[in-house]
Amino acid sequence: MSEQAFRFGRARHLIGIAGLPDARRDSVGVIVLNSGLVHRVGPFRLAVDMTRRLNALGYPTLRFDFSTIGDSGASGESQSRVQQIHADADDAMGLLHRHAGCTRFVLIGLCSGAQNAHAVACRDDKIAGAVFMDGYAYRTLGFRIRHYLPRLFNPMRWWRRLTRVRTANEASGGEPVFRVAPLPQSVVRVDFAGMIERGTKLCLIYSGGINTYFNHAHQFRECFGRVMNHPAVSTRYLEEMDHTFVLVDDRKRLIDHVEEWLCRNFPVANAGVPA
Amino acid sequence: MTTRTEAELPFFFGDRHELFGIYHAAARTAGKAALLCAPLGQDQIRCHRLYRQLAHALASAGIPVLRFDCYGCGDSLGESAEVRWDRCISDTVTAANELRARSGVDRVLAFGARLGGSLALAAAPAAHLADVVVWDPVVDGHAYVATLDAMQDALRQDTRRFIRPRPAELAGEQWLGFAVNPELREQINGLAADWETTPSLLLDSLPQPSAQTWKALAMDETSIQRLEPPTPWDDLAKLEVAILSHSLVQAVTAHVQAVSAPVRALNAHVLGAHR
């Protein structure tokens, strides 16, 4: 296996590292997307460890930076961010096609990376599978019951709430947070149904790090309905872990899970053709 | 379409192509080149954007730049648990020679933040660095290790990150997201400001500035420049917040531009030896 560094894309503005094992030319290619503003190595080098493990199994991989993130520059085009994401992902798939012969792809994204993977998987038939880590989620009735009920009967919580002195930071809402408004829940439900209809395999992995809006394995179905029970969908709630998998053992378990899902759905012997 | 990224070349180098770097060519040459030594661990990820901005500023000023990742860091080969201080020093020597070979300039200056600064100072004689600029270098390894140990213990118990504190055995032999082997730990523990090289400029942005901190470096006080605001290197709440500083970029660029010394262009023999 070898890794190669590339500057690529329609304006040669993207930077990425491709892992190119001696795989069959029809292998599914795995592309790991940026998580927030962290460059392509991922939080605590998660993307590096993950792509190398998958390379060892025979999967061609690419970890790259979207336009203006990490080491990638701007394309110079007048495009919305969503258009850039689609065009950059298409450039990334083109790179793996040229160097590993891949025609179908699996996208892996954490947080905003999951949202970007979702956007591409909705519209691109080349996407055979997607791993969404801490992707779209919505507070449901079940969430509220699980979240508030234990607190309601906890006198210490009431005491702390009543006696707490708010700091200036809290009062002003803390530091500014820049977020992309999430898609409406109804839209995401329809998107998932559409992906499944097109034969896309989905793997949703959510962590305890997003427990302010997601707090139980049942919430996958509460959020997105019966489509979560479809055989093409795998869900996993890792309650004890944090949002960026800061502990080494947690990252290993996460990668184990992704590896197992990938091998089950896209075995290397006939990678590219969903099992 | 031409963008500024055209001048940036990602590549692997070293005898076994184990090291990853990005070379920033300069349109004109000022007779010197700059090697940017990254800090280790999470500091490297937090500083990634700033290093890129600094590389752009230096390259625009006619100073070719090489940014690189030590073995086991960033996109370079090796696992995080394989990082060793002595290997980091030899990687810095390799990178300095690579920069000379690519730029055709023999006079290489280095910049480093935190452990990257300590690394530049430690490697300066072997790498024949003409000058070193440092930003909050680690000069007391024992105290630094104690700080990282305390932060790691606080991290595993942080209920803003985890639903419940994680067991100590799950968080051992790692610092803030990265595995640390006992050898590296011991090497950093033994770090002291006993380097042969004295930096020509030290940028101080520690939260509690103290002249005593830098006394061991035996520097002229006029070579120490205070940067405001303080940099939250050791603030667990900002572990995943990027470190950016325009004043740092401006100060380093101005200083490196001003540094004057005899310039010696490489002859073909030296170039050949470095390849």
# chains A, B, ... in the order shown; residues from 1 in each chain; ligands from 1
>>> interface_residues(of="chain A", to="chain B", cutoff="9 Å", atoms="only C-alpha atoms", output="PyMOL selection string")
chain A and resi 3-7+10-17+37-45+48-49+69-76+208-209+211+239-243+245-250
>>> write_last_selection(atoms="C-alpha atoms", output="short mmCIF file (atom, residue, chain, number, x, y, z; two decimals), in the first residue's frame")
data_model
loop_
_atom_site.label_atom_id
_atom_site.label_comp_id
_atom_site.auth_asym_id
_atom_site.auth_seq_id
_atom_site.Cartn_x
_atom_site.Cartn_y
_atom_site.Cartn_z
CA GLU A 3 -0.15 6.93 0.08
CA GLN A 4 0.22 9.69 -2.46
CA ALA A 5 -0.29 13.41 -2.02
CA PHE A 6 -2.35 15.18 -4.65
CA ARG A 7 -3.28 18.69 -5.66
CA ARG A 10 -11.27 21.66 -11.41
CA ALA A 11 -9.05 24.58 -10.35
CA ARG A 12 -6.26 22.40 -8.92
CA HIS A 13 -7.19 23.94 -5.62
CA LEU A 14 -7.83 20.84 -3.50
CA ILE A 15 -5.26 18.95 -1.43
CA GLY A 16 -5.70 15.32 -0.47
CA ILE A 17 -3.94 12.11 0.41
CA LEU A 37 -12.63 23.24 10.20
CA VAL A 38 -10.20 20.47 11.15
CA HIS A 39 -7.94 19.68 8.21
CA ARG A 40 -8.04 16.34 6.46
CA VAL A 41 -6.22 14.35 9.20
CA GLY A 42 -9.41 14.62 11.25
CA PRO A 43 -9.88 15.11 14.98
CA PHE A 44 -6.90 13.55 16.75
CA ARG A 45 -5.83 12.00 13.42
CA VAL A 48 -5.50 9.04 9.06
CA ASP A 49 -5.98 5.99 11.27
CA ILE A 69 -10.67 24.32 4.48
CA GLY A 70 -7.28 23.01 5.65
CA ASP A 71 -4.75 23.27 2.85
CA SER A 72 -7.21 23.64 0.00
CA GLY A 73 -7.73 26.98 -1.69
CA ALA A 74 -10.74 28.59 -3.33
CA SER A 75 -11.81 27.47 -6.78
CA GLY A 76 -12.41 31.03 -7.89
CA GLY A 208 -22.97 10.62 23.74
CA GLY A 209 -21.21 13.86 22.84
CA ASN A 211 -26.57 14.28 24.31
CA GLU A 239 -23.37 6.66 24.61
CA GLU A 240 -20.14 6.67 26.58
CA MET A 241 -18.06 8.34 23.87
CA ASP A 242 -17.62 12.02 23.13
CA HIS A 243 -18.29 13.90 19.89
CA PHE A 245 -13.64 10.43 20.03
CA VAL A 246 -10.79 11.90 22.01
CA LEU A 247 -9.78 8.65 23.71
CA VAL A 248 -7.56 6.29 21.75
CA ASP A 249 -9.60 3.20 22.63
CA ASP A 250 -12.85 4.89 21.59
#
>>> residues_around(residues="Ser205 (chain B)", least_positions_apart="6", cutoff="6 Å", atoms="only C-alpha atoms", output="count of residues only")
3
>>> select_by_dssp(residues="region 47-268 of chain A", states="helix (DSSP H, G or I)", output="ChimeraX atom specification")
/A:47-56,81-100,112-123,141-152,155-163,168-171,185-197,208-210,219-229,248-265,268
>>> select_by_dssp(residues="region 18-237 of chain A", states="strand (DSSP E or B)", output="VMD selection string")
chain A and resid 18 to 20 29 to 32 61 to 64 105 to 110 127 to 133 201 to 207 233 to 237
>>> write_last_selection(atoms="N, CA and C atoms", output="compact mmCIF listing (two decimals), in the first residue's frame")
# COMPACT_ATOMS: atom_id res chain seq x y z
N ALA A 18 -4.29 10.21 -1.02
CA ALA A 18 -4.97 8.99 -1.47
C ALA A 18 -4.17 7.78 -1.00
N GLY A 19 -4.87 6.80 -0.46
CA GLY A 19 -4.26 5.52 -0.12
C GLY A 19 -4.65 4.55 -1.22
N LEU A 20 -3.67 4.03 -1.92
CA LEU A 20 -3.96 3.24 -3.12
C LEU A 20 -3.39 1.82 -2.99
N GLY A 29 -14.52 3.09 -3.61
CA GLY A 29 -13.56 4.03 -3.05
C GLY A 29 -14.15 4.68 -1.82
N VAL A 30 -13.34 4.86 -0.80
CA VAL A 30 -13.82 5.45 0.46
C VAL A 30 -13.24 6.86 0.59
N ILE A 31 -14.11 7.83 0.78
CA ILE A 31 -13.68 9.23 0.88
C ILE A 31 -14.08 9.78 2.24
N VAL A 32 -13.09 10.26 2.98
CA VAL A 32 -13.35 10.82 4.31
C VAL A 32 -13.36 12.35 4.21
N THR A 61 -8.65 4.81 -0.69
CA THR A 61 -9.25 5.87 0.14
C THR A 61 -8.72 7.23 -0.28
N LEU A 62 -9.46 8.24 0.12
CA LEU A 62 -8.99 9.62 -0.06
C LEU A 62 -9.47 10.43 1.13
N ARG A 63 -8.54 11.11 1.78
CA ARG A 63 -8.92 12.12 2.78
C ARG A 63 -8.46 13.44 2.18
N PHE A 64 -9.38 14.39 2.11
CA PHE A 64 -9.03 15.64 1.43
C PHE A 64 -9.71 16.82 2.11
N PHE A 105 -18.69 4.83 -4.59
CA PHE A 105 -17.96 5.41 -3.46
C PHE A 105 -18.77 5.32 -2.17
N VAL A 106 -18.01 5.31 -1.09
CA VAL A 106 -18.60 5.43 0.25
C VAL A 106 -18.05 6.72 0.86
N LEU A 107 -18.94 7.58 1.34
CA LEU A 107 -18.52 8.81 2.00
C LEU A 107 -18.58 8.62 3.51
N ILE A 108 -17.59 9.16 4.20
CA ILE A 108 -17.59 9.10 5.66
C ILE A 108 -17.44 10.51 6.21
N GLY A 109 -18.34 10.90 7.09
CA GLY A 109 -18.27 12.25 7.63
C GLY A 109 -18.70 12.32 9.08
N LEU A 110 -18.06 13.19 9.81
CA LEU A 110 -18.40 13.44 11.21
C LEU A 110 -18.94 14.87 11.32
N ILE A 127 -22.70 7.35 -5.23
CA ILE A 127 -22.54 7.06 -3.80
C ILE A 127 -23.26 5.75 -3.47
N ALA A 128 -22.47 4.73 -3.16
CA ALA A 128 -23.03 3.41 -2.85
C ALA A 128 -23.30 3.27 -1.36
N GLY A 129 -22.63 4.07 -0.55
CA GLY A 129 -22.83 3.97 0.89
C GLY A 129 -22.33 5.22 1.59
N ALA A 130 -22.80 5.41 2.82
CA ALA A 130 -22.37 6.59 3.58
C ALA A 130 -22.35 6.26 5.06
N VAL A 131 -21.33 6.80 5.72
CA VAL A 131 -21.24 6.67 7.18
C VAL A 131 -21.44 8.07 7.76
N PHE A 132 -22.52 8.23 8.50
CA PHE A 132 -22.82 9.52 9.12
C PHE A 132 -22.52 9.42 10.61
N MET A 133 -21.50 10.12 11.06
CA MET A 133 -21.18 10.13 12.49
C MET A 133 -21.67 11.45 13.09
N LYS A 201 -26.34 2.15 0.93
CA LYS A 201 -26.25 1.57 2.27
C LYS A 201 -25.84 2.68 3.25
N LEU A 202 -26.50 2.70 4.39
CA LEU A 202 -26.25 3.77 5.35
C LEU A 202 -25.80 3.22 6.69
N CYS A 203 -24.86 3.91 7.28
CA CYS A 203 -24.38 3.56 8.62
C CYS A 203 -24.39 4.83 9.47
N LEU A 204 -25.27 4.85 10.46
CA LEU A 204 -25.35 6.03 11.34
C LEU A 204 -24.72 5.67 12.68
N ILE A 205 -23.73 6.47 13.08
CA ILE A 205 -23.07 6.24 14.37
C ILE A 205 -23.15 7.55 15.15
N TYR A 206 -23.89 7.54 16.26
CA TYR A 206 -24.04 8.76 17.04
C TYR A 206 -23.42 8.55 18.43
N SER A 207 -22.87 9.62 18.96
CA SER A 207 -22.15 9.50 20.23
C SER A 207 -22.88 10.22 21.37
N VAL A 233 -29.90 -0.13 6.42
CA VAL A 233 -29.50 0.89 7.39
C VAL A 233 -28.95 0.23 8.66
N SER A 234 -27.80 0.72 9.07
CA SER A 234 -27.21 0.27 10.34
C SER A 234 -27.14 1.46 11.27
N THR A 235 -27.57 1.28 12.51
CA THR A 235 -27.48 2.38 13.47
C THR A 235 -26.73 1.92 14.71
N ARG A 236 -26.01 2.85 15.31
CA ARG A 236 -25.26 2.51 16.52
C ARG A 236 -25.16 3.76 17.39
N TYR A 237 -25.51 3.62 18.64
CA TYR A 237 -25.39 4.74 19.58
C TYR A 237 -24.30 4.41 20.58
>>> residues_around(residues="region 193-202 of chain B", least_positions_apart="3", cutoff="8 Å", atoms="only C-alpha atoms", output="list in words")
Leu121, Ala122, Ala124, Pro125, Asp131, Val132, Val133, Val134, Trp135, Asp136, Val139, Asp140, Ala216, Leu217, Ala218, Met219, Ser223, Ile224, Gln225 and His255 of chain B
>>> write_last_selection(atoms="N, CA and C atoms", output="CSV table (one decimal), in the first residue's frame")
chain,number,residue,atom,x,y,z
B,121,LEU,N,15.1,24.4,18.0
B,121,LEU,CA,16.3,24.7,18.8
B,121,LEU,C,17.1,23.5,18.9
B,122,ALA,N,16.5,22.4,19.2
B,122,ALA,CA,17.3,21.1,19.4
B,122,ALA,C,17.9,20.7,18.2
B,124,ALA,N,18.8,22.6,15.5
B,124,ALA,CA,19.5,23.7,14.8
B,124,ALA,C,20.9,23.3,14.4
B,125,PRO,N,21.7,22.8,15.3
B,125,PRO,CA,23.1,22.5,14.9
B,125,PRO,C,23.2,21.4,13.8
B,131,ASP,N,19.0,30.5,11.7
B,131,ASP,CA,18.4,31.3,12.7
B,131,ASP,C,17.1,30.6,13.1
B,132,VAL,N,16.7,30.8,14.4
B,132,VAL,CA,15.5,30.2,14.9
B,132,VAL,C,14.6,31.2,15.5
B,133,VAL,N,13.3,31.2,15.2
B,133,VAL,CA,12.3,32.0,15.8
B,133,VAL,C,11.3,31.1,16.6
B,134,VAL,N,11.0,31.4,17.8
B,134,VAL,CA,10.2,30.5,18.6
B,134,VAL,C,9.0,31.2,19.2
B,135,TRP,N,7.9,30.5,19.4
B,135,TRP,CA,6.7,31.0,20.0
B,135,TRP,C,6.3,30.2,21.2
B,136,ASP,N,6.4,30.7,22.4
B,136,ASP,CA,6.1,30.0,23.6
B,136,ASP,C,6.7,28.6,23.6
B,139,VAL,N,10.4,25.0,27.6
B,139,VAL,CA,11.7,25.0,28.1
B,139,VAL,C,11.9,24.2,29.3
B,140,ASP,N,10.8,23.7,29.9
B,140,ASP,CA,10.8,22.9,31.1
B,140,ASP,C,10.0,21.7,30.9
B,216,ALA,N,16.3,30.7,31.2
B,216,ALA,CA,17.2,29.6,30.9
B,216,ALA,C,17.7,29.7,29.5
B,217,LEU,N,17.0,30.4,28.6
B,217,LEU,CA,17.4,30.5,27.2
B,217,LEU,C,18.6,31.6,27.0
B,218,ALA,N,18.9,32.3,28.1
B,218,ALA,CA,20.0,33.3,28.1
B,218,ALA,C,19.8,34.2,26.9
B,219,MET,N,18.6,34.7,26.7
B,219,MET,CA,18.4,35.6,25.6
B,219,MET,C,18.5,37.1,26.0
B,223,SER,N,15.1,40.7,22.6
B,223,SER,CA,14.7,39.7,21.6
B,223,SER,C,13.4,38.9,22.0
B,224,ILE,N,12.9,39.3,23.2
B,224,ILE,CA,11.6,38.7,23.6
B,224,ILE,C,10.5,39.7,23.4
B,225,GLN,N,9.5,39.3,22.6
B,225,GLN,CA,8.4,40.2,22.3
B,225,GLN,C,7.1,39.6,22.8
B,255,HIS,N,10.3,39.9,11.0
B,255,HIS,CA,11.6,39.5,11.6
B,255,HIS,C,12.5,38.7,10.6
>>> atom_distance(atom1="CA of Gly190 (chain B)", atom2="CA of Leu66 (chain B)")
28.3 Å
>>> closest_residue(among="A:Arg189, A:His257, A:His216, A:His118", to="Ile85 (chain A)", atoms="only C-alpha atoms")
A:His118
>>> atom_distance(atom1="CA of Asp15 (chain B)", atom2="CA of Thr92 (chain B)")
13.3 Å
>>> atom_distance(atom1="CA of Tyr138 (chain A)", atom2="CA of Ala217 (chain A)")
12.9 Å
>>> closest_atom_pairs(of="region 15-114 of chain B", to="region 180-187 of chain B", cutoff="7 Å", atoms="only C-alpha atoms", output="CSV")
residue,atom,partner,partner_atom,distance
B:Ala81,CA,B:Val180,CA,5.2
B:Glu82,CA,B:Asn181,CA,6.8
B:Val83,CA,B:Leu184,CA,6.8
B:Arg84,CA,B:Leu184,CA,5.0
B:Trp85,CA,B:Leu184,CA,6.0
>>> closest_residue(among="B:Ala25, B:Leu239, B:Ala192, B:Ala254", to="Thr213 (chain B)", atoms="only C-alpha atoms")
B:Ala192
>>> residues_around(residues="region 221-229 of chain A", least_positions_apart="2", cutoff="9 Å", atoms="only C-alpha atoms", output="PyMOL selection string")
chain A and resi 137-143+185-186+188-190+192-193+196+217-219+231-235
>>> write_last_selection(atoms="N, CA and C atoms", output="compact mmCIF listing (two decimals), in the first residue's frame")
# COMPACT_ATOMS: atom_id res chain seq x y z
N ALA A 137 -29.83 15.16 13.62
CA ALA A 137 -30.60 14.60 14.73
C ALA A 137 -31.54 15.70 15.25
N TYR A 138 -32.64 15.27 15.82
CA TYR A 138 -33.66 16.23 16.26
C TYR A 138 -34.19 15.80 17.62
N ARG A 139 -34.49 16.79 18.44
CA ARG A 139 -35.08 16.47 19.74
C ARG A 139 -36.48 15.94 19.52
N THR A 140 -36.75 14.78 20.06
CA THR A 140 -38.06 14.15 19.91
C THR A 140 -38.76 14.12 21.27
N LEU A 141 -40.00 13.66 21.27
CA LEU A 141 -40.72 13.53 22.55
C LEU A 141 -39.96 12.56 23.46
N GLY A 142 -39.51 11.47 22.87
CA GLY A 142 -38.74 10.48 23.64
C GLY A 142 -37.49 11.11 24.25
N PHE A 143 -36.81 11.94 23.45
CA PHE A 143 -35.61 12.61 23.96
C PHE A 143 -35.97 13.45 25.18
N GLN A 185 -36.41 18.31 9.69
CA GLN A 185 -36.48 16.87 9.93
C GLN A 185 -37.24 16.16 8.80
N SER A 186 -38.32 16.79 8.33
CA SER A 186 -39.12 16.14 7.28
C SER A 186 -38.31 15.95 6.00
N VAL A 188 -35.00 15.58 5.83
CA VAL A 188 -33.99 14.53 6.05
C VAL A 188 -34.62 13.15 5.96
N ARG A 189 -35.84 13.03 6.50
CA ARG A 189 -36.56 11.75 6.39
C ARG A 189 -36.75 11.34 4.94
N VAL A 190 -37.19 12.29 4.14
CA VAL A 190 -37.42 12.01 2.71
C VAL A 190 -36.09 11.69 2.02
N PHE A 192 -33.43 10.30 3.35
CA PHE A 192 -33.01 8.94 3.72
C PHE A 192 -33.80 7.91 2.90
N ALA A 193 -35.10 8.13 2.80
CA ALA A 193 -35.93 7.19 2.03
C ALA A 193 -35.46 7.13 0.59
N ILE A 196 -32.22 5.10 0.29
CA ILE A 196 -32.46 3.65 0.40
C ILE A 196 -33.07 3.12 -0.89
N ALA A 217 -30.56 5.04 21.63
CA ALA A 217 -30.57 4.34 20.34
C ALA A 217 -31.95 4.38 19.69
N HIS A 218 -33.01 4.46 20.51
CA HIS A 218 -34.37 4.51 19.94
C HIS A 218 -34.60 5.78 19.14
N GLN A 219 -33.76 6.78 19.39
CA GLN A 219 -34.02 8.08 18.78
C GLN A 219 -33.78 8.09 17.27
N PRO A 231 -33.12 -3.06 6.13
CA PRO A 231 -31.86 -3.82 6.19
C PRO A 231 -30.64 -3.05 5.66
N ALA A 232 -30.86 -2.05 4.85
CA ALA A 232 -29.74 -1.29 4.30
C ALA A 232 -29.21 -0.25 5.28
N VAL A 233 -29.90 -0.13 6.42
CA VAL A 233 -29.50 0.89 7.39
C VAL A 233 -28.95 0.23 8.66
N SER A 234 -27.80 0.72 9.07
CA SER A 234 -27.21 0.27 10.34
C SER A 234 -27.14 1.46 11.27
N THR A 235 -27.57 1.28 12.51
CA THR A 235 -27.48 2.38 13.47
C THR A 235 -26.73 1.92 14.71
